[in-house]
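Asker: Please find one structure pasted underneath; my questions will follow.
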Amino acid sequence: MPSASSLDVPAIAGRSLAAKMKPPSRFGDKAFEWLTMAMALAVVVLVFLVGWQLARGSSLAIRRFGFHFLTTSTWDPVAEHFGALPFIYGTVVSSLIALIIAVPLSIATAIYLTELAPLWIRHPIVSLIEMLAAIPSVILGLWGIFVMIPWLRDYPFPWLKKLFGWTPFFRGPIYGVSMLAGGIIIAIMILPIVTSVSREILRSVPNLQREAAYALGATRWEVTRIAVLSYARKGLFGAVILGLGRALGETMAVTMVIGNTPQIVASLFAPGYTLASVIANEFTEATTDLYLQALFEIGLVLFGITILANLIAQLLLKTMAVSMTTRAVQ
Amino acid sequence: MNPQKIASRLFFGLGFAAFAIGAQAQMTINGAGATFPYPIYSKWFDEYATVDPSVRFNYQSIGSGGGQKQILAQTVDFGASDGPMSDDNLAKAPGKLLHIPTVAGADVVAYNLAGNPALKLDSDTIAGIFLGQIKKWNDPKIVALNSGASLPDQEIVVVHRSDGSGTTYIWTDYLSKISPEWKQKVGTNTSVNWPTGLGGKGNEGVAGQIKQTPGAAGYVELIYAVQNKMSYADIKNAAGEFVKPSLESITAAMATAQIPEDFRFSITNAPGKSAYPISGATWLLVYERQKDAAKGKKLVEFLKWALTKGEDMAKELDYAPLAPQLRDRVLKRVDEIKI
């Protein structure tokens with residue numbers, strides 16, 4: 001609040017000087033506003049252009065197959081029958097597997113790094129995790145084929161089969177390459193981003209929160225649960241959604257370990273196929289128009305799924321916020 | 001930084017600038033397409049730079065589909081494809097497109113069996129395995145062909161390419177020729193709707209899965225199997241002989257196959273006694289009437305060089321050169337390109 005005396009000062013010091021001075025130009029502010037607005041709009045335009053371009057590129061396939069494209073399972077480039085259902089299924093299931101594995105791991109790592117770890121150990125672990133993010137997808141894929149798959153096939157998979165063979169998810173022959181292997185490799189790939197975003201969010205929780213909880217006599221676990229996690233819930237959810245976005249579009253490494261067989265089978269030991277993989281696999285050699293357009297439509301479907309996932313996330317976030325405020329009121 | 005280092009960097013920089021200026025005076029001929037012949041093509045372009053320094057080749061190995069698309073759209077000076085173009089696609093061309101075969105390769109049936117027994121297979125067993133009808137290694141049909149080998153009571157894990165490829169084109173072309181059931185159910189293409197098996201990306205993906213999976217069988221390019229020391233089967237050809245895949249038996253297939261005037265041929269299941277049945281060529285795609293006279297002239301000169309001197313380099317890189325008779329026919333066709 002400006003005080004009366006400070007307002008008086010220029011009046012006394014010289015009215016003439018104030019009159020001579022031009023008001024400061026607002027042009028810089030305006031220009032900055034326009035510039036940032038243009039940048040923000042460019043992103044929106046880009047998203048629309050991608051969608052429009054995909055729709056245009058697949059118009060022939062859309063007209064030919066209509067809604068059946070999403071509900072049929074045959075993918076036959078020779079007879080030109082194209083259905084995307086097994087690929088949609090594969091994308092969704094492999095991403096879910098990845099989230100189930102990666103989210104607890106990432107958040108636990110983030111909690112350890114911000115709340116519990118001794119200071120000297122934090123930095124090395126953080127940089128190691130960031131290094132994991134720097135490994136090229138194709139290298140991870142090759143590692144997947146030559147190291148991970150044989151190991152999974154010989155040790156964890158038979159063990160899973162023995163333990164959970166009675167459920168439909170762990171049945172049938174074990175080849176190594178499988179939906180489960182695809183999910184695991186995606187989990188490895190989204191781990192760094194989910195971890196580092198979660199860590200940033202936990203770090204931004206004000207220390208006052210923690211101190212208040214400690215003052216009330218909370219144990220370390222209670223502090224983490226009540227003061228930190230519930231405060232950071234929204235942000236952590238955002239980190240998970242960021243991970244999901246990457247999982248849906250992950251291509252190269254998944255293609256190398258998922259087995260590339262378009263089928264819908266409950267068993268996670270059976271090979272699968274994802275939307276991104278079929279594009280990567282078949283785009284270069286697609287010679288006929290309809291074939292190429294069907295691949296474009298696969299891209300459109302993937303684009304749609306990504307948007308849908310984000311919309312659902314927004315909705316969940318809203319209901320979460322509501323439940324949190326109602327709880328606070330109670 | 002010491003003065004010597006600075007001097008050497010300056011020198012290097014100047015040299016680079018001079019190179020860039022020199023390159024401007026050069027003509028660049030652009031091509032795009034098939035991945036299978038990429039190693040030999042880049043060797044050719046490299047060698048040809050010493051033969052005719054005034055022309056540079058720029059080749060992007062983006063896949064046969066892309067090669068066909070770009071030559072149809074005339075965004076490149078020549079295309080390249082591992083399979084001949086379909087009638088539909090040829091009809092879209094703004095001018096007459098010529099198919100110029102360059103080198104050939106083969107698909108081998110690679111497998112992973114304990115003790116690495118030498119295997120012999122025929123068309124019946126191959127089709128049976130890939131249609132999912134022969135499921136075990138000790139199936140009577142396989143045993144009958146391999147009386148000496150001890151074949152285990154093990155499931156055959158079929159591995160195929162998941163990415164579209166010329167390798168798959170040759171493979172499915174062969175299966176369509178020898179098995180009516182395959183032709184009707186699956187057909188020939190760079191990628192198909194597989195009745196059975198796991199898909200691996202690229203030769204390295206298929207080879208990796210075969211090596212890692214006991215009891216696996218799949219097809220990979222001959223070069224790839226040789227370089228990775230994989231075991232592969234002898235195949236019974238149309239003349240009833242068991243033939244080992246080799247550069248000689250591929251060239252033999254080319255020498256005995258029926259080759260039409262437009263060179264859109266298939267050499268799978270060739271009738272020759274020593275012909276390896278799962279072989280295939282790769283093509284360059286060039287317009288008969290060249291728009292740019294200067295470029296067209298250089299391109300024709302290069303093609304002639306590639307089909308003579310270039311063919312002699314093929315074997316070093318494990319590609320099968322064209323059979324001599326075929327080479328003469330192709331050279332004659334190159335002469336007909338109008339500049």
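Following the order of the structure tokens, chains are lettered A, B, ..., residues in each are numbered from 1, and ligands are numbered from 1.
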Quick one: residues within 7 Å of region 125-140 of chain A, only C-alpha atoms, excluding same-chain residues fewer than 6 positions away - as a ChimeraX atom specification?
Answerer: /A:189,192,252-253
Asker: Can you list every residue of chain A that has an atom at most 7 Å from chain B, with its nearest atom pair and the distance in Å to one decimal, using only C-alpha atoms, ordered by chain then number, as JSON lines?
Answerer:
```
{"residue": "A:Trp75", "atom": "CA", "partner": "B:Asn193", "partner_atom": "CA", "distance": 6.1}
{"residue": "A:Asp76", "atom": "CA", "partner": "B:Asn193", "partner_atom": "CA", "distance": 4.7}
{"residue": "A:Pro77", "atom": "CA", "partner": "B:Val192", "partner_atom": "CA", "distance": 5.7}
{"residue": "A:Val78", "atom": "CA", "partner": "B:Val192", "partner_atom": "CA", "distance": 6.2}
{"residue": "A:Ile145", "atom": "CA", "partner": "B:Gly208", "partner_atom": "CA", "distance": 6.4}
{"residue": "A:Phe146", "atom": "CA", "partner": "B:Gly208", "partner_atom": "CA", "distance": 6.8}
{"residue": "A:Pro150", "atom": "CA", "partner": "B:Gln212", "partner_atom": "CA", "distance": 6.4}
{"residue": "A:Thr255", "atom": "CA", "partner": "B:Lys201", "partner_atom": "CA", "distance": 6.8}
{"residue": "A:Met256", "atom": "CA", "partner": "B:Lys201", "partner_atom": "CA", "distance": 5.9}
{"residue": "A:Gly259", "atom": "CA", "partner": "B:Gly199", "partner_atom": "CA", "distance": 5.0}
{"residue": "A:Asn260", "atom": "CA", "partner": "B:Gly199", "partner_atom": "CA", "distance": 4.7}
{"residue": "A:Thr261", "atom": "CA", "partner": "B:Leu198", "partner_atom": "CA", "distance": 6.3}
{"residue": "A:Pro271", "atom": "CA", "partner": "B:Leu198", "partner_atom": "CA", "distance": 7.0}
{"residue": "A:Asn281", "atom": "CA", "partner": "B:Asp163", "partner_atom": "CA", "distance": 3.9}
{"residue": "A:Glu282", "atom": "CA", "partner": "B:Gly164", "partner_atom": "CA", "distance": 4.8}
{"residue": "A:Thr284", "atom": "CA", "partner": "B:Gly63", "partner_atom": "CA", "distance": 5.1}
{"residue": "A:Glu285", "atom": "CA", "partner": "B:Gly65", "partner_atom": "CA", "distance": 4.0}
{"residue": "A:Ala286", "atom": "CA", "partner": "B:Gly65", "partner_atom": "CA", "distance": 5.2}
{"residue": "A:Thr287", "atom": "CA", "partner": "B:Gly65", "partner_atom": "CA", "distance": 4.7}
```
Asker: Among region 57-262 of chain B, which residues carry a DSSP assignment of alpha helix (DSSP H), reported as JSON, numbers by chain?
Answerer: {"B": [64, 65, 66, 67, 68, 69, 70, 71, 72, 87, 88, 89, 90, 91, 123, 124, 125, 126, 127, 128, 129, 130, 140, 141, 142, 143, 144, 145, 166, 167, 168, 169, 170, 171, 172, 173, 174, 175, 176, 177, 178, 180, 181, 182, 183, 184, 185, 202, 203, 204, 205, 206, 207, 208, 209, 210, 211, 212, 222, 223, 224, 225, 226, 227, 247, 248, 249, 250, 251, 252, 253, 254, 255, 256]}
Asker: Those same residues, written as a short mmCIF file (atom, residue, chain, number, x, y, z; two decimals), in the first residue's frame with C-alpha atoms?
Answerer:
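Here's the written file part_27.cif:
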```
data_model
loop_
_atom_site.label_atom_id
_atom_site.label_comp_id
_atom_site.auth_asym_id
_atom_site.auth_seq_id
_atom_site.Cartn_x
_atom_site.Cartn_y
_atom_site.Cartn_z
CA SER B 64 10.89 -50.38 -51.29
CA GLY B 65 7.47 -48.84 -50.70
CA GLY B 66 9.02 -45.42 -50.28
CA GLY B 67 11.27 -45.95 -53.31
CA GLN B 68 8.30 -46.77 -55.53
CA LYS B 69 6.32 -43.82 -54.21
CA GLN B 70 9.14 -41.35 -54.75
CA ILE B 71 9.96 -42.43 -58.28
CA LEU B 72 6.25 -42.27 -59.14
CA ASP B 87 0.49 -53.35 -62.44
CA ASP B 88 -1.62 -50.90 -60.44
CA ASN B 89 1.37 -48.91 -59.29
CA LEU B 90 3.02 -48.99 -62.73
CA ALA B 91 -0.15 -47.55 -64.23
CA SER B 123 8.50 -77.47 -50.06
CA ASP B 124 5.96 -79.66 -48.26
CA THR B 125 7.62 -79.42 -44.87
CA ILE B 126 8.36 -75.69 -45.15
CA ALA B 127 4.76 -74.89 -46.07
CA GLY B 128 3.56 -77.22 -43.32
CA ILE B 129 5.70 -75.54 -40.69
CA PHE B 130 4.72 -72.00 -41.68
CA PRO B 140 7.26 -87.95 -39.62
CA LYS B 141 7.55 -85.65 -42.66
CA ILE B 142 10.72 -83.98 -41.34
CA VAL B 143 12.14 -87.25 -40.07
CA ALA B 144 11.65 -88.88 -43.48
CA LEU B 145 13.90 -86.22 -45.08
CA GLY B 166 11.77 -57.66 -49.56
CA THR B 167 12.93 -60.71 -47.63
CA THR B 168 9.32 -61.48 -46.75
CA TYR B 169 8.28 -60.82 -50.34
CA ILE B 170 10.68 -63.51 -51.63
CA TRP B 171 9.63 -65.88 -48.86
CA THR B 172 5.88 -65.57 -49.44
CA ASP B 173 6.39 -65.62 -53.22
CA TYR B 174 8.11 -68.99 -52.82
CA LEU B 175 5.43 -70.36 -50.50
CA SER B 176 2.65 -69.19 -52.83
CA LYS B 177 4.29 -71.01 -55.71
CA ILE B 178 4.75 -74.33 -53.94
CA PRO B 180 -1.84 -73.74 -53.20
CA GLU B 181 -3.14 -73.55 -49.65
CA TRP B 182 -0.68 -70.78 -48.80
CA LYS B 183 -1.52 -68.91 -51.98
CA GLN B 184 -5.21 -68.99 -51.18
CA LYS B 185 -5.00 -68.33 -47.43
CA GLY B 202 14.38 -56.79 -39.08
CA ASN B 203 16.86 -59.56 -39.85
CA GLU B 204 18.49 -58.85 -36.50
CA GLY B 205 15.17 -59.30 -34.67
CA VAL B 206 14.41 -62.61 -36.36
CA ALA B 207 17.98 -63.87 -35.93
CA GLY B 208 17.96 -62.80 -32.28
CA GLN B 209 14.74 -64.65 -31.58
CA ILE B 210 15.92 -67.79 -33.36
CA LYS B 211 19.20 -67.75 -31.44
CA GLN B 212 17.44 -67.20 -28.12
CA LEU B 222 21.60 -65.52 -46.56
CA ILE B 223 24.18 -62.77 -45.89
CA TYR B 224 22.82 -62.32 -42.42
CA ALA B 225 22.84 -66.03 -41.59
CA VAL B 226 26.41 -66.42 -42.87
CA GLN B 227 27.72 -63.42 -40.95
CA LEU B 247 25.88 -67.18 -54.26
CA GLU B 248 26.41 -69.77 -57.00
CA SER B 249 23.08 -71.50 -56.46
CA ILE B 250 21.31 -68.11 -56.47
CA THR B 251 22.93 -67.12 -59.76
CA ALA B 252 21.98 -70.56 -61.07
CA ALA B 253 18.36 -69.84 -60.16
CA MET B 254 18.55 -66.61 -62.15
CA ALA B 255 20.07 -68.40 -65.13
CA THR B 256 17.26 -70.94 -65.34
#
```
Asker: What's the 7 Å shell around region 153-155 of chain A, counting only C-alpha atoms, without same-chain residues fewer than 5 positions away, as a list in words?
Answerer: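 My list of contacting residues is Ile174, Tyr175 and Gly176 of chain A.
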Asker: Calculate how many Å separate CA of Ala102 (chain A) from CA of Ile185 (chain A), rounding to one decimal.
Answerer: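 Atom-to-atom, CA of Ala102 (chain A) and CA of Ile185 (chain A) are spaced 10.1 Å apart.
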Asker: May I ask which of the residues A:Ala84, A:Ala313, A:Ala227, A:Val301 is the closest one to Leu54 (chain A), counting only C-alpha atoms?
Answerer: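 Distance minimum relative to Leu54 (chain A) lands on A:Val301.
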Asker: Would you mind reading off the distance between CA of Ala276 (chain A) and CA of Ile298 (chain A), one decimal, in Å?
Answerer: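 Distance between the two atoms: 8.1 Å.
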Asker: For a quick check of understanding, using only C-alpha atoms, which of A:Phe164, A:Trp159, A:Phe82, A:Tyr231 has the smallest distance to Phe296 (chain A)?
Answerer: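 Once distances to Phe296 (chain A) are computed over only C-alpha atoms, the minimum belongs to A:Phe82.
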Asker: From the set B:Leu131, B:Val300, B:Ala306, B:Ala217, which residue has the shortest atom-to-atom contact distance to Asp46 (chain B), counting only C-alpha atoms?
Answerer: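 Looking at the shortest contact to Asp46 (chain B), the residue is B:Ala306.
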Asker: Can you list, as number ranges by chain, all residues belonging to region 186-279 of chain B that DSSP tags as strand (DSSP E)?
Answerer: B: 198-200, 216-221, 231-232, 234-236, 242-243, 279
Asker: Can you list, as a PDB file with N, CA and C atoms, in the first residue's frame, every protein, DNA or RNA residue that comes within 6 Å of region 88-100 of chain A when you count only C-alpha atoms, leaving out same-chain residues fewer than 4 positions away?
Answerer:
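The result, written out as result_11.pdb:
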```pdb
ATOM      1  N   GLY A 183       5.376 -54.905 -21.837  1.00  0.00           N
ATOM      2  CA  GLY A 183       5.026 -54.028 -20.726  1.00  0.00           C
ATOM      3  C   GLY A 183       6.223 -53.724 -19.840  1.00  0.00           C
ATOM      4  N   ILE A 184       7.042 -54.746 -19.615  1.00  0.00           N
ATOM      5  CA  ILE A 184       8.204 -54.549 -18.739  1.00  0.00           C
ATOM      6  C   ILE A 184       9.190 -53.569 -19.380  1.00  0.00           C
ATOM      7  N   ILE A 186       8.507 -51.210 -21.505  1.00  0.00           N
ATOM      8  CA  ILE A 186       7.938 -49.854 -21.432  1.00  0.00           C
ATOM      9  C   ILE A 186       8.112 -49.313 -20.015  1.00  0.00           C
ATOM     10  N   ALA A 187       7.899 -50.179 -19.017  1.00  0.00           N
ATOM     11  CA  ALA A 187       8.055 -49.747 -17.629  1.00  0.00           C
ATOM     12  C   ALA A 187       9.451 -49.186 -17.402  1.00  0.00           C
ATOM     13  N   ALA A 247       4.140 -44.085 -22.526  1.00  0.00           N
ATOM     14  CA  ALA A 247       3.956 -45.532 -22.682  1.00  0.00           C
ATOM     15  C   ALA A 247       3.136 -45.845 -23.931  1.00  0.00           C
ATOM     16  N   LEU A 248       2.091 -45.051 -24.176  1.00  0.00           N
ATOM     17  CA  LEU A 248       1.209 -45.312 -25.313  1.00  0.00           C
ATOM     18  C   LEU A 248       1.962 -45.198 -26.629  1.00  0.00           C
ATOM     19  N   GLY A 272       1.919 -60.072 -28.507  1.00  0.00           N
ATOM     20  CA  GLY A 272       0.906 -59.077 -28.850  1.00  0.00           C
ATOM     21  C   GLY A 272       1.435 -58.127 -29.901  1.00  0.00           C
ATOM     22  N   TYR A 273       0.756 -56.996 -30.047  1.00  0.00           N
ATOM     23  CA  TYR A 273       1.142 -56.018 -31.059  1.00  0.00           C
ATOM     24  C   TYR A 273       0.604 -54.661 -30.614  1.00  0.00           C
ATOM     25  N   THR A 274       1.313 -53.576 -30.879  1.00  0.00           N
ATOM     26  CA  THR A 274       0.771 -52.271 -30.511  1.00  0.00           C
ATOM     27  C   THR A 274       0.586 -51.399 -31.754  1.00  0.00           C
TER      28      THR A 274
END
```
Asker: Which residues come within 12 Å of region 115-121 of chain A, counting only C-alpha atoms, excluding same-chain residues fewer than 2 positions away, as a list in words?
Answerer: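 Answer for this query is Ile107, Ala108, Thr109, Ala110, Ile111, Tyr112, Leu113, His123, Pro124, Ile125, Val126, Ser127, Leu128, Arg199, Leu202, Arg203, Ser204, Val205, Asn207, Arg210, Arg220, Trp221, Glu222, Val223, Thr224, Arg225, Ala227, Val228 and Leu229 of chain A.
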Asker: The selected residues should be written to file as an mmCIF file, in the first residue's frame (atoms: C-alpha atoms).
Answerer:
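Writing the result to selection-v1.cif gives the following:
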```cif
data_model
loop_
_atom_site.group_PDB
_atom_site.id
_atom_site.type_symbol
_atom_site.label_atom_id
_atom_site.label_comp_id
_atom_site.auth_asym_id
_atom_site.auth_seq_id
_atom_site.Cartn_x
_atom_site.Cartn_y
_atom_site.Cartn_z
ATOM 1 C CA ILE A 107 7.011 -43.057 -6.515
ATOM 2 C CA ALA A 108 8.784 -45.179 -3.919
ATOM 3 C CA THR A 109 12.121 -44.088 -5.393
ATOM 4 C CA ALA A 110 11.018 -40.466 -5.328
ATOM 5 C CA ILE A 111 9.874 -40.727 -1.696
ATOM 6 C CA TYR A 112 13.145 -42.340 -0.694
ATOM 7 C CA LEU A 113 15.162 -39.694 -2.492
ATOM 8 C CA HIS A 123 22.833 -37.140 -6.143
ATOM 9 C CA PRO A 124 24.396 -40.355 -7.528
ATOM 10 C CA ILE A 125 21.020 -42.118 -7.656
ATOM 11 C CA VAL A 126 19.346 -39.170 -9.365
ATOM 12 C CA SER A 127 21.996 -38.985 -12.054
ATOM 13 C CA LEU A 128 21.839 -42.745 -12.583
ATOM 14 C CA ARG A 199 10.756 -36.155 -7.112
ATOM 15 C CA LEU A 202 7.680 -34.052 -3.547
ATOM 16 C CA ARG A 203 10.488 -31.537 -3.221
ATOM 17 C CA SER A 204 8.049 -28.706 -3.773
ATOM 18 C CA VAL A 205 6.000 -29.781 -0.739
ATOM 19 C CA ASN A 207 8.724 -28.019 4.792
ATOM 20 C CA ARG A 210 6.330 -31.790 7.431
ATOM 21 C CA ARG A 220 8.156 -40.657 9.732
ATOM 22 C CA TRP A 221 5.719 -42.847 7.810
ATOM 23 C CA GLU A 222 2.781 -40.767 8.987
ATOM 24 C CA VAL A 223 4.526 -37.569 7.959
ATOM 25 C CA THR A 224 5.156 -38.983 4.495
ATOM 26 C CA ARG A 225 1.618 -40.267 4.164
ATOM 27 C CA ALA A 227 1.773 -34.328 5.131
ATOM 28 C CA VAL A 228 3.646 -35.119 1.936
ATOM 29 C CA LEU A 229 1.742 -37.627 -0.189
#
```
Asker: Go through B:Tyr232, B:Tyr59, B:Phe36, B:Tyr48 one by one, measure the shortest atom-to-atom distance of each to Val108 (chain B) using only C-alpha atoms, and give the residue with the smallest value.
Answerer: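 Once distances to Val108 (chain B) are computed over only C-alpha atoms, the minimum belongs to B:Tyr232.
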Asker: Would you mind listing what lies within 12 Å of Gly95 (chain B) as a list in words, with only C-alpha atoms counted and same-chain residues fewer than 2 positions away left out?
Answerer: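 So, after excluding close chain neighbours, the residues are Ile71, Leu72, Ala73, Gln74, Leu90, Ala91, Lys92, Ala93, Leu97, Leu98, Leu285, Val286, Tyr287, Glu288, Arg289, Gln290, Lys291, Ile337 and Lys338 of chain B.
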